[in-house]
Every structure is written in C-alpha cells, then in structure tokens.
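Student: Just dropping this structure here.
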2 protein chains.
Amino acid sequence: MPVNLTATDPAQLLPVAGVRLGVTQAGVRKAGRDDLTVLLLDEGASVGGVFTQNRFCAAPVQVCREHLTGGAPIRAIVVNTGNANAGTGEDGLQRARATCAALAGLLHIEPRQVLPLSTGVIMEPLPVERIEAGLPAAIAAAGADQWGRAASAIMTTDTVPKAFSTKLRIGGAEVSVTGISKGAGMIRPNMATMLGFVATDACIAPALLTPLARELAEGSFNRVTVDGDTSTNDSFLLIATQRAGHAPITSLASAEGQALKAALLDVARRLAQAIVRDGEGATKFITVRVEGGRDTAECRQVAYAIAHSPLVKTAFFASDPNLGRILAAVGYAGILDLDQTRIDLHLDDVHVATGGGRHPAYREEDGQRVMKQAEITVRVGLGRGAASDTVWTCDLSHDYVSINADYRS
Amino acid sequence: MPVNLTATDPAQLLPVAGVRLGVTQAGVRKAGRDDLTVLLLDEGASVGGVFTQNRFCAAPVQVCREHLTGGAPIRAIVVNTGNANAGTGEDGLQRARATCAALAGLLHIEPRQVLPLSTGVIMEPLPVERIEAGLPAAIAAAGADQWGRAASAIMTTDTVPKAFSTKLRIGGAEVSVTGISKGAGMIRPNMATMLGFVATDACIAPALLTPLARELAEGSFNRVTVDGDTSTNDSFLLIATQRAGHAPITSLASAEGQALKAALLDVARRLAQAIVRDGEGATKFITVRVEGGRDTAECRQVAYAIAHSPLVKTAFFASDPNLGRILAAVGYAGILDLDQTRIDLHLDDVHVATGGGRHPAYREEDGQRVMKQAEITVRVGLGRGAASDTVWTCDLSHDYVSINADYRS
C-alpha cells in the first residue's frame, strides 16, 4: 500500500534521444515476468555512476566500476531482476563478465562497453545461460518509448513502477530528462539506491557526469531509508546522450549547468521519494528535518537515528504520538556534547517539546491529529548552530515483517 | 513468548545480608499492579553504578549520577515503573528530587543518600504524589526475601521476571550474589541496561565498585540488543553490603577479586541474556560471534550491524536461511578496508560461506535445519586479525510491531 504513489502513465514519460530500452522474460528466478532489461546507448553518449559503499558489494557493481573507469565509452546496460549476484565470490564476477561478453557479442561492441546490474536474492549463482538466451529478444524489443515497461521489469518487492520525466530549455534547445528506479526494502542507500537510472539528451562534458551523479545522489537517493540496510547492489547511473543540440555545458556552476542540475535533481528526488512511498509495508511517508546543528553531517546523523528507530517507526504505524521515542533517538544519535535542555520538537505545525521537555501548550489530541496523516514532517531543533538536513523515511508495519519473512518463498 | 526463559523460583533467590526490598502498588500508571519498589541498604554498604550514554538521559539518571559522586553513602534506592521521567526537562528533575526527599524523610537519612530510578513511558510528568503516598507501604513490606517480587514489580513489557543468584566462597566465608533486571524493548544498552541491580554481601573496597560495575556491564548488558534503541533510562547498580565476613578485597586482580568478578559476571550475563530471551516479540535467541578482526571494537561493530539488521532479524523469524542478508550487513558495518574475499560464515556447525561466496558444500537444507532452532549461533570470520567479540540478540517478529504499536493504549 504505497503512500500517495501511483504509476506514471507511460505516455507521459519522455523519450530521450539516443536511448532505447528493451525488455523480455528470461526466467531468471520466476517464469512469466519481465526480468531482463537492456538500455542501448547511441554512439556519443556519456555515463556517470555511483555505487554502494557496502564492502560486500555485488559482482556487477565491481564490474561496473571497472568498466566506467576503463576509458571505453559505455554503449549498453544490462539489468536483471530476481538474482543480485552478490555474496557469490570469484564465480559471481565471472558470471557478470560473461553477461557483458554475451551482450557485447550481439551488439558488436567490446565487453567493457557494457555495464551489468543485478537485483534480487543474495548468495545464489546468477543463471547466466538464461540471461544469454533472453538477450536477443530484449534487443529486438528495444525502443525509445519503453521506459515504463523497463521501470516495471526492474522491480522486486516494489508494488509500483517508479518513473518520472521533466523537460527544460537550454540555449534554445528542448532538453528531456527521464529516470527510473526500483527498491522497497534493503534501502539505506549510501551513494545511490538499489537501482536508479536518469537519462537526458543534454550536451555536457563527459568528465562532469560522475561528479554530477554524486551530487544528485547526495540530494536524493542518499537521503532516504526504509530499514537502514545498505544494499550490496545500490547503483545509480546518469546518462547524457549529448543529442539536444545546444552548446555543451562545461561547468556545473554556469546558468545552464545549474538549470540542468535542478531538473535532474527534481527527477532523482522524486524517484528516491517514490522508493520510500513504496517502502516495504509503508503506510506513512515521513520527512525528518533536523535544524540548528553545527554542520549538516550531525543533522543527518540525528535524522537517520530517528528514521531508523524501530520504536519511532512503529509509533508512526500506530498513529500513536509516543513522541518521547523521538527524543530518545535524538539522545543516542551520537552527538556527545548534546545539551538536552536546548532540544525542540515539532510535528508538522504542532510544537511538542521545548527545552528538552514537553511544551506547556502541547495537547495529546494535537499530536494524535498529525500522527493520523499519511504524510508527516518531524522537525527537530538542536539549538547549537545554523546547519540543517532532511531525510525521508516510512513507518514499520506488520507488512514489513510479512514481506521479509516470506521474501524467498 | 520468551525463548527458553522461565521465572526463577523465588525460593531459589539468595538473600543478601544488608539488603531488604519492599514492593507496593502506587498506581503510577495503572491501578492494581506492583509498580513501586524500595531497596533499603544497611549502613556500611557500597554502591557503584553505570548509566545510559543517551544524551537525552532521564531526570532520575541525572540525579543518580549526582548522588553517587556526592560522597554520602547510598542507603536506599527507589524504583517506579509506568513512567520513565525522561524528556521532562527541569520539572522532571524536581520531581526526581522530590521522590528522594520523601523517602529520605521516612528513613531519617539525607536525600542525597537515595538513588531514584524510573522506567516506563517517556515525556509524561512523574506522578510524585502517588509515589510519596505509596512509600510507607513499600517500606513496611520490606524484607530480605523479596527479590522475586521486586523483579516482577520493575517490569514493563517484560513477560518474565528476571532474577538470578549464585554463591561462592572467599577466604572461608560464603558470599551471596543476587541480581534482578527488567527490559524487553528500547534495548541497546550503552553502558547498562534499562534497569539492572546486582547485590552481594562480599567485602570489597568501595572505590572498586564503579569500575567493577563498568566491567560487568561491558561483559553483559553492553553486549545485548533487541531493537537498537538505546534507552533514556538504562541504569545498572552494583551493591556490596560488606557483610560476608572475609578480608576485604582491595584489588580486582587478586584471586579473590577475580573469583568475585566471575560470580558477578555470571549473574549479570544471565540477566542481560534474559532481557534478549524476553525481547519484545522474540521467538529466537541469537548469538552473534565475530572472529578474525583487528580489534574487539571492529568485531563488535560488525556483530551489532548483523544484530540490528531488520532483514536479518525477519529472516530468523521466518526460519529462512536467506543468509546473504548477513553478508550484506557485514559489508555495511563500517569497516572501510574490509576484503570481502576473506569473509567466512558459519551458522552453528554449518559452513555457509567462504572466501566471500557460498561454500561449495553448503546445502540449503542444512541452513534450514539450523534456522528452525530456537537458539542459533552466527559466526563470522573477518580474516584480518585475531580479535573477537560476541553480541546477543533476538529476531524481529509481528509481535514486536504489535507490542510497540499498542504500547500506550
């Protein structure tokens, strides 16, 4: 039961000149569902990427890092769902490489021009032969209007496909931005989310792509959490096909660079928030804003302590204004010299706590009213500086337990 | 449904000479249940304590710290359940002090000779007048044989009272050790647990009590977690009544000091493990042992990452050997230079992963067999040193969500 999230009408998703997507059923894990997707990039496209900080990163993540820094232009991306190819050791690396080689052979490019991405169960061998067998059908199905089908094909426990578009004008040219993502559990991206792709036909110096991807992830995927579990496979790719026809952007600080960044961030943030709205078992969408910190790092640290607390999350699920649990999480977030007598807490417009204690005017029924909403903002004041930061999360419900107790069955 | 935990027969709990306990119903939060406990210490007793590292520590914790370092011998401890007196600001401090003053007046001692402890709901005013009204009855009921009733009176969401005894001989004298604790949720003690008391009639230099309490907490309460939420009220008190009649212990490194420490640790560890066995919604008791680390700190960090992962905990609940989730948690635990190709994983006697991938001989049915047990040991090898550490935790079940969604209703 996603929170205020419905699938974008595929007709609303803008094609991005230079990108074609093809989807097929390869039977990776289960028969009868789209589970293999290829993104084919025309010559001249540039790709930047950021990947999980999990030290147990999946084999495809390791291969992506190699290929992105290998110097050869990326021409294709292959994504399977159903199997994460993580915790698979040297054998997993070989299977990821075999997948690249198979697609490269069909497209007459080099294996290092292919990025492999996988999502699904951990520690089971990737069925490469099924993926190889499915590739010709995926290539044959490729089209510029397949973003919606691709968004569905990369899902695992997601209940809604996540895809958004926007457009802008740069130097008289119309520029399109379209992105897709997947993820609902094992979500606490640390560099990027489970899988996210944003493509644009904007013209931009290739060297800017990876720094830009990192900035976008910081403002979007790196600000969400469902369960605090950083995935082994988090990957976020930014594709610029250089086809829009305007003068190339050579600095992100230029007016054009800023405009493009804002449009990309808009799509990336909607994709990231969609992951929380579709978080496993989510019934509430919670914005946690921490203000008055000495720097953004400590604000984020406190925001994540609140967003990860099972007690806070179950209180949101129950619509119970048991708000002392939020204060407790602030207290254990790790700021060693925190002065509890300066802490302030708002729930939307309701002033709950001041000076580290209950606000004299706070009434339980006001807290109750806000807690019943589907979208809630928690605002904590630390009273020690001018920095702030925001994190988005969801509640912890019975369905989260059911989904994760039954995931493999 | 606690895991292999039943209440100790009160007749098996050893009195500790110099300690009397009295319990009554004060109606702190609900009528008709024991919720107020006093521990009365004979002259000559020494007390050491360790308290939560939560920066939002409760008012009673602040008062305990003051009184323990104030120089006057502690003669009484007053414990209420139903209200944590945390997140209550200056008003909460005044109420904690009023409680001490009331008990001191009845006992003809100074208020600073009283330690107040509270557990229950956060951010609601402590009903001091009901506690004051209940104190005479609690004092009148005091006896040396009331450990079992006190263990019940301090419970909140606990389903089983937690109390253990042991005895040893020091210098020809028989020494008794008895301890009680409470806690089932908001359990990730960082110095001590929600509430724990261990008393002995051993003779030991008073200056050793607090360092000894810290050592005991490190080996017991600081090694357990239910939900990763460090409480605002965690307090662990060690009481030595100096009555056993042997020559005083003046060094923990002496043979007598070591013997006493071992006996105390045995009781403290059983109390700490009892909290996990009675963890909210627990159906499994999980020992997480991490070996092969460079130091114990990094082993503990990895063990806690596993023990806190909602995905790992729900897999245990489901008896599903979805063991890649454990590898993922190892990977995001924060060891930046971790080499995944050296990671080893055992589940009891089953060798699950080696070299960062599935062990060739691992069979799903072997993992399944162990996962079905009520007690499971996860053993991770990091392959980078000789240090190890152990943490105890439980699974995450539907009942955890139910208990915490309904706690205040």
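Chain labels follow the order of the structure tokens: the first chain is A, the next B, and so on; residue numbering restarts at 1 in every chain, and ligands are counted from 1 in their shown order.
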With 8 Å as the limit and counting only C-alpha atoms, what residues in chain B lie close to chain A? Please list them as a ChimeraX atom specification.

Tutor: /B:53-57,86-90,121-124,186,227-232,309-311,314-315,317-318,320,322-325,327-332,335-341,355-358,396-398,401-402,404-406,408

Student: Can you list, as a ChimeraX atom specification, all residues belonging to range 241-295 of chain A that DSSP tags as strand (DSSP E or B)?

Tutor: /A:249,285-293

Student: Can those selected residues be exported to a file as a short mmCIF file (atom, residue, chain, number, x, y, z; two decimals), in the first residue's frame so that it contains C-alpha atoms?

Tutor:
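New file again-v9.cif:
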data_model
loop_
_atom_site.label_atom_id
_atom_site.label_comp_id
_atom_site.auth_asym_id
_atom_site.auth_seq_id
_atom_site.Cartn_x
_atom_site.Cartn_y
_atom_site.Cartn_z
CA ILE A 249 27.80 22.53 -20.72
CA PHE A 285 5.68 8.97 4.38
CA ILE A 286 7.82 10.76 6.96
CA THR A 287 10.06 13.76 6.36
CA VAL A 288 12.63 14.11 9.15
CA ARG A 289 14.15 17.58 9.22
CA VAL A 290 16.86 18.42 11.75
CA GLU A 291 17.78 22.08 12.22
CA GLY A 292 20.10 24.08 14.46
CA GLY A 293 23.08 21.75 14.11
#

Student: If you count only C-alpha atoms, which residues fall within 10 Å of Gln242 in chain A, apart from same-chain ones fewer than 6 positions away, as a short mmCIF file (atom, residue, chain, number, x, y, z; two decimals) with N, CA and C atoms, in the first residue's frame?

Tutor:
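out-v3.cif, freshly written:
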data_model
loop_
_atom_site.label_atom_id
_atom_site.label_comp_id
_atom_site.auth_asym_id
_atom_site.auth_seq_id
_atom_site.Cartn_x
_atom_site.Cartn_y
_atom_site.Cartn_z
N ALA A 17 16.44 11.10 -26.69
CA ALA A 17 17.10 10.77 -27.96
C ALA A 17 18.42 10.08 -27.68
N GLY A 18 18.64 8.94 -28.31
CA GLY A 18 19.90 8.23 -28.10
C GLY A 18 19.82 7.09 -27.11
N ASP A 42 23.21 5.22 -28.02
CA ASP A 42 23.84 5.56 -29.30
C ASP A 42 25.28 6.03 -29.06
N GLU A 43 26.05 5.94 -30.10
CA GLU A 43 27.42 6.43 -30.03
C GLU A 43 27.41 7.89 -29.59
N GLY A 44 28.36 8.28 -28.74
CA GLY A 44 28.44 9.68 -28.30
C GLY A 44 27.87 9.91 -26.92
N ALA A 45 27.14 8.92 -26.39
CA ALA A 45 26.56 9.10 -25.05
C ALA A 45 27.64 9.01 -23.97
N SER A 46 27.41 9.70 -22.84
CA SER A 46 28.33 9.65 -21.70
C SER A 46 27.57 9.12 -20.49
N VAL A 175 15.39 20.11 -23.80
CA VAL A 175 16.15 19.01 -23.22
C VAL A 175 15.20 18.14 -22.41
N THR A 200 19.35 11.89 -19.92
CA THR A 200 18.99 13.16 -20.56
C THR A 200 19.70 13.23 -21.90
N ASP A 201 19.09 14.00 -22.80
CA ASP A 201 19.77 14.21 -24.08
C ASP A 201 20.61 15.49 -24.05
N ALA A 202 20.77 16.07 -22.85
CA ALA A 202 21.57 17.30 -22.73
C ALA A 202 22.99 17.05 -23.19
N CYS A 203 23.64 18.16 -23.60
CA CYS A 203 25.04 18.10 -24.02
C CYS A 203 25.88 18.60 -22.85
N ILE A 204 26.77 17.78 -22.36
CA ILE A 204 27.52 18.12 -21.16
C ILE A 204 28.86 17.39 -21.20
N ALA A 205 29.90 18.07 -20.77
CA ALA A 205 31.23 17.48 -20.80
C ALA A 205 31.22 16.14 -20.07
N PRO A 206 31.66 15.05 -20.72
CA PRO A 206 31.60 13.72 -20.10
C PRO A 206 32.27 13.67 -18.72
N PRO A 248 27.57 22.61 -25.58
CA PRO A 248 27.86 21.74 -24.43
C PRO A 248 28.08 22.52 -23.15
N ILE A 249 27.58 21.95 -22.06
CA ILE A 249 27.80 22.53 -20.72
C ILE A 249 29.17 22.07 -20.24
#

Student: Pick out the residues sitting within 7 Å of Ala150 in chain A, and hand them over as a list in words; count only C-alpha atoms, and ignore anything fewer than 4 positions along from it in its own chain.

Tutor: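 What passes the distance filter is Leu21, Val23, Thr37, Gln146 and Ile154 of chain A.
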
Student: Can you tell me, as a PyMOL selection string, what residues are no more than 8 Å from Leu238 in chain B when counting only C-alpha atoms, ignoring any on the same chain fewer than 6 positions away?

Tutor: chain B and resi 47-49+197-199+209-210+213

Student: Got time to write the residues from that selection, N, CA, C and O atoms, as a tab-separated table (two decimals), in the first residue's frame?

Tutor:
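Saved as part.tsv:
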chain	number	residue	atom	x	y	z
B	47	VAL	N	27.89	1.24	46.84
B	47	VAL	CA	27.15	1.13	45.58
B	47	VAL	C	27.98	1.74	44.46
B	47	VAL	O	28.57	2.81	44.61
B	48	GLY	N	28.04	1.04	43.33
B	48	GLY	CA	28.63	1.58	42.11
B	48	GLY	C	27.57	1.55	41.03
B	48	GLY	O	26.65	0.74	41.10
B	49	GLY	N	27.67	2.42	40.06
B	49	GLY	CA	26.63	2.43	39.03
B	49	GLY	C	27.17	2.86	37.69
B	49	GLY	O	28.15	3.58	37.61
B	197	PHE	N	20.09	-4.58	38.75
B	197	PHE	CA	20.68	-4.46	40.07
B	197	PHE	C	21.35	-5.79	40.39
B	197	PHE	O	20.73	-6.83	40.24
B	198	VAL	N	22.59	-5.75	40.82
B	198	VAL	CA	23.23	-6.95	41.34
B	198	VAL	C	23.77	-6.61	42.72
B	198	VAL	O	24.45	-5.59	42.88
B	199	ALA	N	23.43	-7.42	43.70
B	199	ALA	CA	23.88	-7.17	45.08
B	199	ALA	C	24.69	-8.36	45.58
B	199	ALA	O	24.41	-9.50	45.22
B	209	LEU	N	33.89	-0.32	43.30
B	209	LEU	CA	32.53	-0.70	42.87
B	209	LEU	C	32.16	-0.17	41.49
B	209	LEU	O	31.65	-0.91	40.65
B	210	THR	N	32.42	1.13	41.23
B	210	THR	CA	32.01	1.66	39.94
B	210	THR	C	32.86	1.12	38.79
B	210	THR	O	32.30	0.70	37.77
B	213	ALA	N	31.46	-2.27	38.23
B	213	ALA	CA	30.15	-2.21	37.56
B	213	ALA	C	30.34	-1.98	36.07
B	213	ALA	O	29.66	-2.58	35.23

Student: Which of range 25-252 of chain A end up as alpha helix (DSSP H) when DSSP is run on this backbone - answer as a ChimeraX atom specification?

Tutor: /A:59-68,89-107,128-140,147-153,209-219

Student: Which residue gives the smallest distance to Arg214 in chain A among A:Ala259, A:Leu271, A:Phe51, A:Glu298, with only C-alpha atoms counted?

Tutor: A:Phe51

Student: Please provide the set of residues having any atom within 10 Å of Thr8 in chain A, restricted to only C-alpha atoms, with same-chain residues fewer than 4 positions apart removed, written as a PyMOL selection string.

Tutor: chain A and resi 12-13+148+160-165

Student: Okay, now the selection with N, CA, C and O atoms, as a PDB file, in the first residue's frame?

Tutor:
ATOM      1  N   GLN A  12       3.297   9.576 -20.535  1.00  0.00           N
ATOM      2  CA  GLN A  12       3.849  10.834 -20.020  1.00  0.00           C
ATOM      3  C   GLN A  12       5.376  10.798 -19.922  1.00  0.00           C
ATOM      4  O   GLN A  12       5.994  11.821 -19.609  1.00  0.00           O
ATOM      5  N   LEU A  13       5.949   9.637 -20.124  1.00  0.00           N
ATOM      6  CA  LEU A  13       7.410   9.532 -19.968  1.00  0.00           C
ATOM      7  C   LEU A  13       8.075   9.955 -21.271  1.00  0.00           C
ATOM      8  O   LEU A  13       7.750   9.440 -22.347  1.00  0.00           O
ATOM      9  N   GLY A 148       8.489   2.954 -19.415  1.00  0.00           N
ATOM     10  CA  GLY A 148       7.500   2.452 -18.458  1.00  0.00           C
ATOM     11  C   GLY A 148       7.626   0.954 -18.261  1.00  0.00           C
ATOM     12  O   GLY A 148       7.609   0.452 -17.126  1.00  0.00           O
ATOM     13  N   VAL A 160       4.831  -0.557  -7.139  1.00  0.00           N
ATOM     14  CA  VAL A 160       4.533   0.456  -8.157  1.00  0.00           C
ATOM     15  C   VAL A 160       5.810   0.731  -8.945  1.00  0.00           C
ATOM     16  O   VAL A 160       6.863   0.962  -8.342  1.00  0.00           O
ATOM     17  N   PRO A 161       5.744   0.720 -10.296  1.00  0.00           N
ATOM     18  CA  PRO A 161       6.925   1.109 -11.069  1.00  0.00           C
ATOM     19  C   PRO A 161       7.217   2.591 -10.852  1.00  0.00           C
ATOM     20  O   PRO A 161       6.303   3.391 -10.667  1.00  0.00           O
ATOM     21  N   LYS A 162       8.503   2.940 -10.819  1.00  0.00           N
ATOM     22  CA  LYS A 162       8.932   4.299 -10.479  1.00  0.00           C
ATOM     23  C   LYS A 162       9.603   4.919 -11.693  1.00  0.00           C
ATOM     24  O   LYS A 162      10.704   4.501 -12.067  1.00  0.00           O
ATOM     25  N   ALA A 163       8.958   5.914 -12.291  1.00  0.00           N
ATOM     26  CA  ALA A 163       9.483   6.560 -13.495  1.00  0.00           C
ATOM     27  C   ALA A 163       8.960   7.982 -13.538  1.00  0.00           C
ATOM     28  O   ALA A 163       7.773   8.218 -13.296  1.00  0.00           O
ATOM     29  N   PHE A 164       9.841   8.927 -13.809  1.00  0.00           N
ATOM     30  CA  PHE A 164       9.441  10.328 -13.897  1.00  0.00           C
ATOM     31  C   PHE A 164      10.203  11.014 -15.020  1.00  0.00           C
ATOM     32  O   PHE A 164      11.332  10.624 -15.323  1.00  0.00           O
ATOM     33  N   SER A 165       9.570  12.044 -15.583  1.00  0.00           N
ATOM     34  CA  SER A 165      10.202  12.840 -16.636  1.00  0.00           C
ATOM     35  C   SER A 165      10.059  14.309 -16.322  1.00  0.00           C
ATOM     36  O   SER A 165       9.147  14.725 -15.596  1.00  0.00           O
TER      37      SER A 165
END

Student: Any idea what the distance is between CA of Val276 in chain B and CA of Lys182 in chain B?

Tutor: 10.4 Å

Student: Between A:Thr296, A:Ser220, A:Thr157, A:Gln113, which residue has the minimum interatomic distance to Arg65 in chain A, considering only C-alpha atoms?

Tutor: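 Ranked by minimum distance to Arg65 in chain A, first place goes to A:Gln113.
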
Student: Any idea what's packed within 10 Å of Ala217 in chain A, counting only C-alpha atoms, ignoring anything in its chain fewer than 3 positions away? Could you give it as a ChimeraX atom specification?

Tutor: /A:49-51,189-193,196,211-214,220-223,235-237,265,268-269,272

Student: Which of these residues is nearest to Asp349 in chain A, using only C-alpha atoms: A:Arg363, A:Arg384, A:Arg379, A:His67?

Tutor: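 Selected residue with least distance to Asp349 in chain A: A:Arg379.
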
Student: Rank nothing, just name the residue among A:Met371, A:Ala297, A:Leu195, A:Leu260 nearest to Ser176 in chain A, using only C-alpha atoms.

Tutor: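 Closest residue, counting only C-alpha atoms: A:Leu260.
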